$ cat work.cif   # mmCIF, C-alpha atoms (C1' of nucleotides)
data_upload
loop_
_atom_site.label_atom_id
_atom_site.label_comp_id
_atom_site.auth_asym_id
_atom_site.auth_seq_id
_atom_site.Cartn_x
_atom_site.Cartn_y
_atom_site.Cartn_z
CA MET M 1 77.23 -5.63 90.65
CA SER M 2 79.44 -3.60 88.38
CA ILE M 3 78.11 -0.28 89.65
CA ASP M 4 79.53 1.12 92.85
CA VAL M 5 76.33 2.22 94.58
CA GLY M 6 78.11 2.67 97.87
CA GLY M 7 80.89 4.94 96.69
CA HIS M 8 78.38 6.74 94.63
CA LEU M 9 76.12 7.43 97.58
CA ARG M 10 79.07 8.54 99.61
CA ALA M 11 80.07 11.00 96.89
CA VAL M 12 76.54 12.39 96.75
CA ARG M 13 76.37 12.73 100.50
CA MET M 14 79.74 14.50 100.56
CA MET M 15 78.65 16.91 97.85
CA TYR M 16 75.86 18.01 100.14
CA GLY M 17 78.17 18.18 103.12
CA LEU M 18 76.09 15.80 105.23
CA SER M 19 77.25 13.27 107.79
CA GLN M 20 75.89 9.73 107.76
CA ARG M 21 73.79 10.51 110.80
CA GLU M 22 72.40 13.75 109.39
CA LEU M 23 71.42 12.07 106.16
CA ALA M 24 70.00 9.10 108.03
CA LYS M 25 67.83 11.38 110.11
CA ARG M 26 66.49 13.22 107.09
CA ALA M 27 65.91 9.99 105.25
CA GLY M 28 64.28 8.15 108.13
CA VAL M 29 66.80 5.31 108.25
CA THR M 30 69.59 4.50 110.66
CA ASN M 31 73.16 5.67 110.29
CA GLY M 32 74.26 2.05 110.21
CA THR M 33 72.27 1.52 107.07
CA ILE M 34 74.07 4.35 105.33
CA SER M 35 77.40 3.04 106.53
CA LEU M 36 76.75 -0.48 105.27
CA ILE M 37 75.50 0.75 101.94
CA GLU M 38 78.47 3.05 101.44
CA GLN M 39 80.86 0.20 102.15
CA ASN M 40 79.00 -1.96 99.64
CA ARG M 41 78.48 -4.54 102.36
CA VAL M 42 74.83 -4.67 101.37
CA SER M 43 72.92 -3.89 98.21
CA PRO M 44 70.07 -1.67 99.35
CA SER M 45 66.53 -2.35 98.28
CA VAL M 46 65.11 0.17 95.88
CA SER M 47 62.72 1.35 98.54
CA SER M 48 65.40 2.03 101.08
CA LEU M 49 67.71 3.64 98.55
CA LYS M 50 64.82 5.88 97.59
CA LYS M 51 64.26 6.80 101.22
CA VAL M 52 67.91 7.70 101.55
CA LEU M 53 67.92 9.78 98.39
CA ASP M 54 64.74 11.55 99.47
CA GLY M 55 66.79 12.89 102.34
CA VAL M 56 69.22 14.61 100.01
CA PRO M 57 66.98 15.07 98.00
CA MET M 58 67.80 13.40 94.72
CA SER M 59 65.77 11.18 92.42
CA LEU M 60 66.73 7.62 91.63
CA ALA M 61 67.05 8.60 87.99
CA ASP M 62 69.53 11.32 88.87
CA PHE M 63 71.43 9.00 91.14
CA PHE M 64 71.97 6.39 88.47
CA THR M 65 72.61 8.97 85.78
CA LEU M 66 75.16 10.82 87.81
CA ASP M 67 78.27 8.85 86.91
CA LEU M 68 78.02 10.12 83.37
CA GLN M 69 79.30 13.44 84.62
CA GLU M 70 82.51 12.58 86.35
CA SER M 71 84.36 15.87 86.57
CA PRO M 72 84.12 17.86 83.39
CA GLN M 73 85.14 21.49 83.43
CA VAL M 74 82.51 23.71 84.99
CA PHE M 75 83.95 27.22 84.83
CA TYR M 76 85.18 28.96 81.71
CA ALA M 77 87.01 32.27 81.63
CA ARG M 78 85.98 34.49 78.73
CA ASP M 79 89.14 33.71 76.78
CA GLU M 80 88.60 29.99 77.25
CA LEU M 81 85.54 29.94 75.02
CA ALA M 82 86.51 28.07 71.87
CA ASP M 83 86.15 30.24 68.79
CA ILE M 84 84.92 28.23 65.86
CA GLY M 85 83.65 30.98 63.61
CA ASP M 86 84.98 32.53 60.44
CA ARG M 87 85.83 36.09 59.50
CA ASP M 88 82.29 37.45 59.48
CA VAL M 89 80.65 35.36 62.13
CA SER M 90 82.37 34.52 65.39
CA LEU M 91 80.99 31.57 67.35
CA ARG M 92 82.45 31.19 70.80
CA LEU M 93 81.50 27.90 72.46
CA VAL M 94 81.00 27.25 76.16
CA GLY M 95 82.99 24.05 76.53
CA ALA M 96 85.04 22.11 74.06
CA LYS M 97 83.94 20.98 70.66
CA ARG M 98 82.42 17.51 70.52
CA ALA M 99 82.18 17.21 74.25
CA ASN M 100 79.50 14.93 75.58
CA ARG M 101 76.80 17.44 76.36
CA ALA M 102 73.09 17.90 75.88
CA MET M 103 73.35 21.48 74.65
CA THR M 104 75.56 23.95 72.85
CA ILE M 105 75.75 27.41 74.37
CA MET M 106 77.48 30.06 72.28
CA HIS M 107 78.38 33.69 72.22
CA GLU M 108 77.82 34.70 68.60
CA ARG M 109 79.11 37.86 66.97
CA TYR M 110 78.01 38.96 63.50
CA ARG M 111 79.94 41.63 61.63
CA PRO M 112 77.82 44.25 59.83
CA LYS M 113 76.25 42.67 56.74
CA ALA M 114 77.32 39.20 57.82
CA ASP M 115 74.83 36.40 57.43
CA THR M 116 74.63 32.64 57.69
CA GLY M 117 74.56 32.20 53.95
CA ALA M 118 72.05 32.39 51.19
CA ASP M 119 71.01 28.80 51.77
CA MET M 120 68.67 28.41 54.63
CA LEU M 121 69.92 26.30 57.49
CA SER M 122 67.94 23.29 58.62
CA HIS M 123 68.90 20.65 61.11
CA LYS M 124 67.51 18.61 63.95
CA GLY M 125 66.57 19.96 67.36
CA GLU M 126 65.61 23.32 68.78
CA GLU M 127 67.42 26.58 69.26
CA GLY M 128 66.90 29.93 70.85
CA GLY M 129 68.75 33.01 71.98
CA ILE M 130 68.74 36.55 73.22
CA ILE M 131 70.19 39.56 71.39
CA LEU M 132 72.73 41.57 73.38
CA THR M 133 73.77 44.32 71.01
CA GLY M 134 73.08 45.37 67.44
CA HIS M 135 70.27 44.34 65.17
CA ILE M 136 69.78 41.09 63.34
CA GLU M 137 67.23 39.97 60.84
CA LEU M 138 66.02 36.48 61.55
CA THR M 139 64.05 34.55 58.98
CA VAL M 140 62.30 31.41 60.15
CA GLY M 141 60.06 29.56 57.76
CA GLY M 142 58.02 32.27 56.07
CA GLN M 143 58.38 34.90 58.77
CA SER M 144 61.11 37.45 59.07
CA ARG M 145 61.82 40.02 61.75
CA VAL M 146 64.51 42.39 62.91
CA LEU M 147 65.48 41.84 66.53
CA GLY M 148 67.30 44.29 68.76
CA PRO M 149 68.94 44.26 72.18
CA GLY M 150 66.89 42.26 74.71
CA ASP M 151 64.76 40.62 72.06
CA ALA M 152 64.80 36.87 71.76
CA TYR M 153 63.85 33.94 69.57
CA TYR M 154 63.12 30.24 69.86
CA PHE M 155 62.26 27.76 67.11
CA ALA M 156 62.63 24.19 65.89
CA SER M 157 65.85 23.93 63.94
CA ALA M 158 64.23 21.81 61.28
CA VAL M 159 62.43 24.90 60.01
CA PRO M 160 64.73 26.59 57.50
CA HIS M 161 66.25 29.70 59.01
CA ARG M 162 68.79 32.41 58.41
CA PHE M 163 70.50 35.14 60.39
CA ARG M 164 71.59 38.43 58.82
CA ASN M 165 73.10 41.48 60.45
CA VAL M 166 71.19 44.38 58.92
CA GLY M 167 72.73 47.11 61.09
CA ASP M 168 75.96 49.08 60.91
CA GLU M 169 77.33 47.73 64.15
CA PRO M 170 78.30 44.21 65.14
CA CYS M 171 75.48 42.10 66.52
CA GLU M 172 76.05 39.92 69.55
CA ILE M 173 73.82 37.02 70.56
CA ILE M 174 73.88 34.42 73.28
CA SER M 175 72.34 31.27 71.88
CA ALA M 176 71.63 27.73 72.92
CA SER M 177 70.74 24.69 70.86
CA THR M 178 69.90 21.13 71.59
CA PRO M 179 71.08 18.61 70.67
CA PRO M 180 74.52 20.16 70.27
CA THR M 181 75.43 21.11 66.73
CA PHE M 182 79.15 21.42 67.45
CA MET Y 1 57.46 4.14 97.75
CA SER Y 2 55.89 6.66 95.44
CA ILE Y 3 57.47 5.13 92.37
CA ASP Y 4 55.83 2.06 90.87
CA VAL Y 5 58.88 -0.10 90.24
CA GLY Y 6 56.74 -3.17 89.70
CA GLY Y 7 54.43 -1.75 87.07
CA HIS Y 8 57.41 -0.14 85.52
CA LEU Y 9 59.30 -3.39 85.26
CA ARG Y 10 56.23 -5.08 83.85
CA ALA Y 11 55.92 -2.40 81.19
CA VAL Y 12 59.57 -2.79 80.24
CA ARG Y 13 59.27 -6.56 80.08
CA MET Y 14 56.16 -6.26 77.92
CA MET Y 15 57.90 -3.85 75.57
CA TYR Y 16 60.46 -6.52 74.94
CA GLY Y 17 57.79 -9.22 74.58
CA LEU Y 18 59.25 -11.43 77.29
CA SER Y 19 57.44 -13.69 79.78
CA GLN Y 20 58.37 -13.62 83.44
CA ARG Y 21 60.10 -16.97 83.03
CA GLU Y 22 62.03 -15.93 79.95
CA LEU Y 23 63.26 -12.77 81.60
CA ALA Y 24 64.05 -14.65 84.81
CA LYS Y 25 66.15 -17.14 82.88
CA ARG Y 26 68.11 -14.43 81.07
CA ALA Y 27 68.57 -12.48 84.28
CA GLY Y 28 69.57 -15.45 86.41
CA VAL Y 29 66.77 -15.08 88.92
CA THR Y 30 63.60 -17.06 89.50
CA ASN Y 31 60.27 -16.29 87.91
CA GLY Y 32 58.78 -15.87 91.36
CA THR Y 33 61.12 -12.99 91.99
CA ILE Y 34 59.93 -11.21 88.88
CA SER Y 35 56.33 -11.87 89.83
CA LEU Y 36 56.72 -10.51 93.34
CA ILE Y 37 58.56 -7.43 92.13
CA GLU Y 38 55.97 -6.69 89.47
CA GLN Y 39 53.19 -6.90 92.04
CA ASN Y 40 55.12 -4.53 94.29
CA ARG Y 41 54.98 -7.15 97.00
CA VAL Y 42 58.71 -6.66 97.52
CA SER Y 43 61.10 -3.85 96.81
CA PRO Y 44 64.01 -5.45 95.01
CA SER Y 45 67.55 -4.76 96.09
CA VAL Y 46 69.52 -2.70 93.65
CA SER Y 47 71.69 -5.70 92.87
CA SER Y 48 68.76 -7.93 92.00
CA LEU Y 49 67.02 -5.24 90.02
CA LYS Y 50 70.24 -4.77 88.12
CA LYS Y 51 70.41 -8.52 87.42
CA VAL Y 52 66.85 -8.42 86.13
CA LEU Y 53 67.51 -5.40 83.93
CA ASP Y 54 70.68 -6.98 82.59
CA GLY Y 55 68.41 -9.64 81.13
CA VAL Y 56 66.54 -7.09 79.03
CA PRO Y 57 69.08 -5.43 78.77
CA MET Y 58 68.54 -1.97 80.20
CA SER Y 59 70.60 0.21 82.52
CA LEU Y 60 69.37 1.29 85.92
CA ALA Y 61 69.66 4.90 84.79
CA ASP Y 62 67.43 4.21 81.81
CA PHE Y 63 64.97 2.32 83.95
CA PHE Y 64 64.50 5.16 86.37
CA THR Y 65 64.59 7.82 83.69
CA LEU Y 66 62.03 6.14 81.50
CA ASP Y 67 58.80 7.53 82.91
CA LEU Y 68 60.04 11.07 82.47
CA GLN Y 69 59.23 10.70 78.84
CA GLU Y 70 55.96 10.89 77.83
CA SER Y 71 53.15 26.22 65.84
CA PRO Y 72 54.77 27.98 68.42
CA GLN Y 73 55.84 31.61 68.68
CA VAL Y 74 59.26 32.33 67.22
CA PHE Y 75 60.00 35.95 67.97
CA TYR Y 76 59.86 37.59 71.36
CA ALA Y 77 60.22 41.29 72.02
CA ARG Y 78 62.20 42.11 75.13
CA ASP Y 79 59.05 42.94 77.06
CA GLU Y 80 57.46 39.68 76.01
CA LEU Y 81 59.87 37.60 78.04
CA ALA Y 82 57.88 36.15 80.94
CA ASP Y 83 59.26 37.27 84.27
CA ILE Y 84 59.01 34.49 86.80
CA GLY Y 85 61.53 35.67 89.35
CA ASP Y 86 61.13 37.24 92.75
CA ARG Y 87 62.38 40.49 94.20
CA ASP Y 88 66.04 39.56 94.30
CA VAL Y 89 66.35 37.33 91.30
CA SER Y 90 64.63 38.11 88.03
CA LEU Y 91 64.20 35.23 85.59
CA ARG Y 92 62.94 36.24 82.19
CA LEU Y 93 61.96 33.29 80.04
CA VAL Y 94 62.18 33.02 76.28
CA GLY Y 95 58.76 31.56 75.51
CA ALA Y 96 55.85 30.79 77.74
CA LYS Y 97 55.95 28.83 80.93
CA ARG Y 98 55.22 25.13 80.61
CA ALA Y 99 55.40 25.21 76.84
CA ASN Y 100 56.45 22.01 75.17
CA ARG Y 101 60.10 22.83 74.59
CA ALA Y 102 63.40 20.99 74.78
CA MET Y 103 65.21 23.86 76.50
CA THR Y 104 64.69 26.83 78.75
CA ILE Y 105 66.54 29.99 77.79
CA MET Y 106 66.51 32.78 80.31
CA HIS Y 107 67.79 36.25 80.97
CA GLU Y 108 68.63 36.19 84.68
CA ARG Y 109 69.27 39.23 86.82
CA TYR Y 110 70.59 38.98 90.38
CA ARG Y 111 70.43 41.93 92.74
CA PRO Y 112 73.55 42.58 94.82
CA LYS Y 113 73.78 39.94 97.58
CA ALA Y 114 70.99 37.90 96.01
CA ASP Y 115 71.44 34.17 95.89
CA THR Y 116 69.50 31.05 95.04
CA GLY Y 117 69.08 30.06 98.67
CA ALA Y 118 71.09 28.33 101.34
CA ASP Y 119 70.00 24.90 100.17
CA MET Y 120 71.80 23.76 97.13
CA LEU Y 121 69.73 23.29 94.02
CA SER Y 122 69.71 19.95 92.31
CA HIS Y 123 67.60 18.71 89.47
CA LYS Y 124 67.81 16.72 86.31
CA GLY Y 125 69.51 17.74 83.10
CA GLU Y 126 72.29 20.12 82.17
CA GLU Y 127 72.66 23.87 82.29
CA GLY Y 128 75.07 26.53 81.23
CA GLY Y 129 75.33 30.22 80.66
CA ILE Y 130 77.42 33.28 80.00
CA ILE Y 131 77.83 36.25 82.35
CA LEU Y 132 76.96 39.63 80.80
CA THR Y 133 77.53 42.08 83.63
CA GLY Y 134 78.50 41.98 87.29
CA HIS Y 135 80.09 39.21 89.25
CA ILE Y 136 78.57 36.01 90.54
CA GLU Y 137 79.90 33.29 92.74
CA LEU Y 138 78.96 29.88 91.44
CA THR Y 139 79.34 26.79 93.60
CA VAL Y 140 79.06 23.44 91.87
CA GLY Y 141 79.67 20.28 93.85
CA GLY Y 142 82.76 21.06 95.86
CA GLN Y 143 84.15 23.79 93.61
CA SER Y 144 83.40 27.47 93.83
CA ARG Y 145 84.39 30.37 91.60
CA VAL Y 146 83.59 34.00 90.94
CA LEU Y 147 82.70 34.66 87.33
CA GLY Y 148 82.71 38.02 85.61
CA PRO Y 149 81.54 39.45 82.28
CA GLY Y 150 82.25 37.09 79.38
CA ASP Y 151 82.93 34.13 81.64
CA ALA Y 152 80.75 31.07 81.34
CA TYR Y 153 79.76 27.82 83.01
CA TYR Y 154 78.29 24.46 82.13
CA PHE Y 155 77.42 21.55 84.41
CA ALA Y 156 75.02 18.69 85.10
CA SER Y 157 72.13 20.04 87.10
CA ALA Y 158 72.06 17.00 89.35
CA VAL Y 159 75.23 18.24 91.01
CA PRO Y 160 74.19 20.56 93.82
CA HIS Y 161 74.78 24.17 92.89
CA ARG Y 162 74.17 27.71 94.02
CA PHE Y 163 74.44 31.20 92.57
CA ARG Y 164 75.31 34.21 94.69
CA ASN Y 165 75.89 37.78 93.59
CA VAL Y 166 79.02 38.81 95.48
CA GLY Y 167 79.43 42.19 93.82
CA ASP Y 168 77.87 45.59 94.43
CA GLU Y 169 76.17 45.78 91.07
CA PRO Y 170 73.42 43.63 89.60
CA CYS Y 171 74.61 40.54 87.79
CA GLU Y 172 73.09 39.57 84.47
CA ILE Y 173 73.35 36.13 82.92
CA ILE Y 174 71.98 34.46 79.84
CA SER Y 175 71.42 30.82 80.67
CA ALA Y 176 70.06 27.71 79.05
CA SER Y 177 68.99 24.45 80.59
CA THR Y 178 67.73 21.19 79.24
CA PRO Y 179 65.26 19.71 79.81
CA PRO Y 180 63.26 22.82 80.68
CA THR Y 181 62.90 23.53 84.38
CA PHE Y 182 60.02 25.96 83.92
"C1'" DC K 1 38.10 -35.53 77.38
"C1'" DC K 2 42.78 -35.41 78.78
"C1'" DG K 3 47.68 -34.29 78.41
"C1'" DT K 4 50.75 -30.69 77.73
"C1'" DC K 5 52.47 -26.44 77.52
"C1'" DG K 6 52.47 -21.78 78.31
"C1'" DC K 7 51.23 -18.01 81.55
"C1'" DG K 8 51.38 -15.53 86.43
"C1'" DT K 9 50.68 -16.36 91.40
"C1'" DC K 10 51.47 -18.21 95.92
"C1'" DT K 11 53.92 -20.61 100.03
"C1'" DA K 12 57.74 -22.39 103.13
"C1'" DT K 13 62.45 -21.95 103.58
"C1'" DT K 14 66.75 -19.76 103.00
"C1'" DA K 15 69.43 -15.65 102.32
"C1'" DT K 16 69.94 -10.84 102.76
"C1'" DT K 17 69.05 -6.33 104.44
"C1'" DC K 18 67.76 -3.02 108.22
"C1'" DT K 19 67.65 -1.58 112.96
"C1'" DA K 20 69.24 -0.43 117.56
"C1'" DA K 21 72.85 -0.03 120.19
"C1'" DA K 22 77.55 -0.47 121.26
"C1'" DC K 23 82.26 0.70 119.81
"C1'" DA K 24 86.53 3.29 118.42
"C1'" DG K 25 88.94 7.35 116.73
"C1'" DA K 26 89.53 12.49 116.41
"C1'" DA K 27 88.56 17.26 117.75
"C1'" DT K 28 87.10 20.65 121.23
"C1'" DC K 29 86.54 22.47 125.74
"C1'" DC K 30 87.32 23.56 130.58
"C1'" DG H 1 93.32 14.77 131.60
"C1'" DG H 2 88.74 13.63 131.31
"C1'" DA H 3 84.34 14.90 129.69
"C1'" DT H 4 81.66 16.06 125.49
"C1'" DT H 5 80.53 15.70 120.82
"C1'" DC H 6 81.31 14.80 116.52
"C1'" DT H 7 82.84 11.29 113.06
"C1'" DG H 8 82.26 6.26 110.74
"C1'" DT H 9 82.13 1.25 111.86
"C1'" DT H 10 80.50 -3.08 113.77
"C1'" DT H 11 77.22 -6.63 115.70
"C1'" DA H 12 72.96 -9.45 117.20
"C1'" DG H 13 68.44 -9.75 116.28
"C1'" DA H 14 64.21 -8.32 113.74
"C1'" DA H 15 62.35 -7.37 109.24
"C1'" DT H 16 62.36 -8.06 104.45
"C1'" DA H 17 63.60 -10.15 99.95
"C1'" DA H 18 64.88 -14.32 96.98
"C1'" DT H 19 64.47 -19.21 96.06
"C1'" DA H 20 62.45 -23.66 94.73
"C1'" DG H 21 58.65 -25.63 93.81
"C1'" DA H 22 53.60 -26.18 93.98
"C1'" DC H 23 49.24 -24.28 92.25
"C1'" DG H 24 45.48 -22.51 89.26
"C1'" DC H 25 44.19 -20.86 84.83
"C1'" DG H 26 43.68 -20.82 79.80
"C1'" DA H 27 45.01 -22.38 74.99
"C1'" DC H 28 46.07 -25.99 71.80
"C1'" DG H 29 46.10 -30.77 69.92
"C1'" DG H 30 45.31 -35.63 69.99
#
$ encode --input "work.cif" --output "structure tokens"
Amino acid sequence: MSIDVGGHLRAVRMMYGLSQRELAKRAGVTNGTISLIEQNRVSPSVSSLKKVLDGVPMSLADFFTLDLQESPQVFYARDELADIGDRDVSLRLVGAKRANRAMTIMHERYRPKADTGADMLSHKGEEGGIILTGHIELTVGGQSRVLGPGDAYYFASAVPHRFRNVGDEPCEIISASTPPTF
Amino acid sequence: MSIDVGGHLRAVRMMYGLSQRELAKRAGVTNGTISLIEQNRVSPSVSSLKKVLDGVPMSLADFFTLDLQESPQVFYARDELADIGDRDVSLRLVGAKRANRAMTIMHERYRPKADTGADMLSHKGEEGGIILTGHIELTVGGQSRVLGPGDAYYFASAVPHRFRNVGDEPCEIISASTPPTF
DNA sequence: CCGTCGCGTCTATTATTCTAAACAGAATCC
DNA sequence: GGATTCTGTTTAGAATAATAGACGCGACGG
């Protein structure tokens, strides 16, 4: 058994601020069971582990997936967002570049007249966002539209697309894309 | 036991074109064990299930995650965002509910004192966001922090978490989560 | 037809896990 | 200081899972 089920369960229980007895009661097992499992003195059956996790509640999938996320940074002050843009388009990332994440969340800022280039972008995945300020022309496939504050978009990234700030003021967007492009 | 570990294991074994005996040999268990597990006549211990899966090979996380996996509108005017919140917390979705998407992007608005409930939330996937206005206290696992305009967050949704508007003004957030929770 | 090989299932025994209850330490209260 | 109440741990016995090997079934070849 390479995986530390016991320590893992203990960590989960602690995160929820439960005692062994509290969790045991919710889960319908005895506190001794939790104790033995947490000490890795037994390897619980799937059914009993499921009962225990139901008391949290947490799925088995989540339980076994959890160790992937040890303790990455959770909070980011506004000046901690990594700026990876150029002169005309500022892209400020939530989280570091190339981190092991499922998504990229960005604060984008387009100068007046700025665009993402004459060539249409096309890559894997999906992306969407909401416009905060300014006006941007978004072209996706054949369609094109000017979006203003509060408007939003969502499309498959494989469809060729292009952003262009058609207004006189900067345009700000919060966007998300999966899988991460940065 | 709501989850069909046995049928699940059988499906995995079939996908790899292995017989019970072949898999048993690779895994270092007996064929009877595999048979009993697949018929759900026993609930294997985590350690023995791990041994079995090592013979495939497949991780426990993958095993329990597996069953989860089984021309859309592009532009959304601000009043087209579906509001699925309640009185205290407004959640305005980019795209329809239950659409087949890889992400959920939302414009969230918390009234003063509003929170996501005393019980900590916990679900699969990852989520992040950027604060637009107001101040919100975010608790993730053990850590807690008050975030203001421009600040951001990103974490694995399986870690218990909670949002609470600690300021006197509404708090607005643009958030994204994957896979979609709505 | 019979032997052989593959398959999955079943049974008796052994090994392990789970329960119930006792135990020990620390904090709180009067 | 001696209950009370909260921790987590330990133990004997009951419940459950794993093993080794037998069993039945079907396919293939001699």
$ residues_around --input "work.cif" --residues "Glu172 in chain Y" --least-positions-apart "3" --cutoff "8 Å" --atoms "only C-alpha atoms (C1' of nucleotides)" --output "ChimeraX atom specification"
/Y:107-110,131-134
$ resolve_selection --input "work.cif" --expression "the PyMOL selection byres ((chain K) within 12 of (chain M))" --output "VMD selection string"
chain K and resid 16 to 22
$ residues_around --input "work.cif" --residues "DC30 in chain K" --least-positions-apart "5" --cutoff "12 Å" --atoms "all atoms listed in the file" --output "list of chain:residue names"
H:DG1, H:DG2, H:DA3, H:DT4
$ interface_residues --input "work.cif" --of "chain H" --to "chain M" --cutoff "8 Å" --atoms "only C-alpha atoms (C1' of nucleotides)" --output "JSON, numbers by chain"
{"H": [7, 8, 9]}
$ residues_around --input "work.cif" --residues "Gly167 in chain M" --least-positions-apart "3" --cutoff "12 Å" --atoms "only C-alpha atoms (C1' of nucleotides)" --output "short mmCIF file (atom, residue, chain, number, x, y, z; two decimals) with C-alpha atoms, in the coordinates of the input"
data_model
loop_
_atom_site.label_atom_id
_atom_site.label_comp_id
_atom_site.auth_asym_id
_atom_site.auth_seq_id
_atom_site.Cartn_x
_atom_site.Cartn_y
_atom_site.Cartn_z
CA TYR M 110 78.01 38.96 63.50
CA ARG M 111 79.94 41.63 61.63
CA PRO M 112 77.82 44.25 59.83
CA LYS M 113 76.25 42.67 56.74
CA ALA M 114 77.32 39.20 57.82
CA ASP M 115 74.83 36.40 57.43
CA THR M 133 73.77 44.32 71.01
CA GLY M 134 73.08 45.37 67.44
CA HIS M 135 70.27 44.34 65.17
CA ILE M 136 69.78 41.09 63.34
CA GLU M 137 67.23 39.97 60.84
CA VAL M 146 64.51 42.39 62.91
CA LEU M 147 65.48 41.84 66.53
CA GLY M 148 67.30 44.29 68.76
CA ARG M 164 71.59 38.43 58.82
CA PRO M 170 78.30 44.21 65.14
CA CYS M 171 75.48 42.10 66.52
CA GLU M 172 76.05 39.92 69.55
#
$ closest_residue --input "work.cif" --among "Y:Met15, Y:Val166, Y:Ala27, Y:Ala152" --to "chain M" --atoms "only C-alpha atoms"
Y:Ala152
$ residues_around --input "work.cif" --residues "DC1 in chain K" --least-positions-apart "2" --cutoff "12 Å" --atoms "all atoms listed in the file" --output "PyMOL selection string"
(chain K and resi 3) or (chain H and resi 29-30)
$ atom_distance --input "work.cif" --atom1 "CA of Arg26 in chain Y" --atom2 "CA of Asp54 in chain Y"
8.0 Å
$ atom_distance --input "work.cif" --atom1 "CA of Pro57 in chain M" --atom2 "CA of Lys50 in chain Y"
22.4 Å
$ atom_distance --input "work.cif" --atom1 "CA of Gly17 in chain M" --atom2 "CA of Ala61 in chain M"
21.1 Å
$ closest_residue --input "work.cif" --among "M:Glu38, M:Asp151, M:Asp168, M:Asp4" --to "chain Y" --atoms "only C-alpha atoms"
M:Asp151
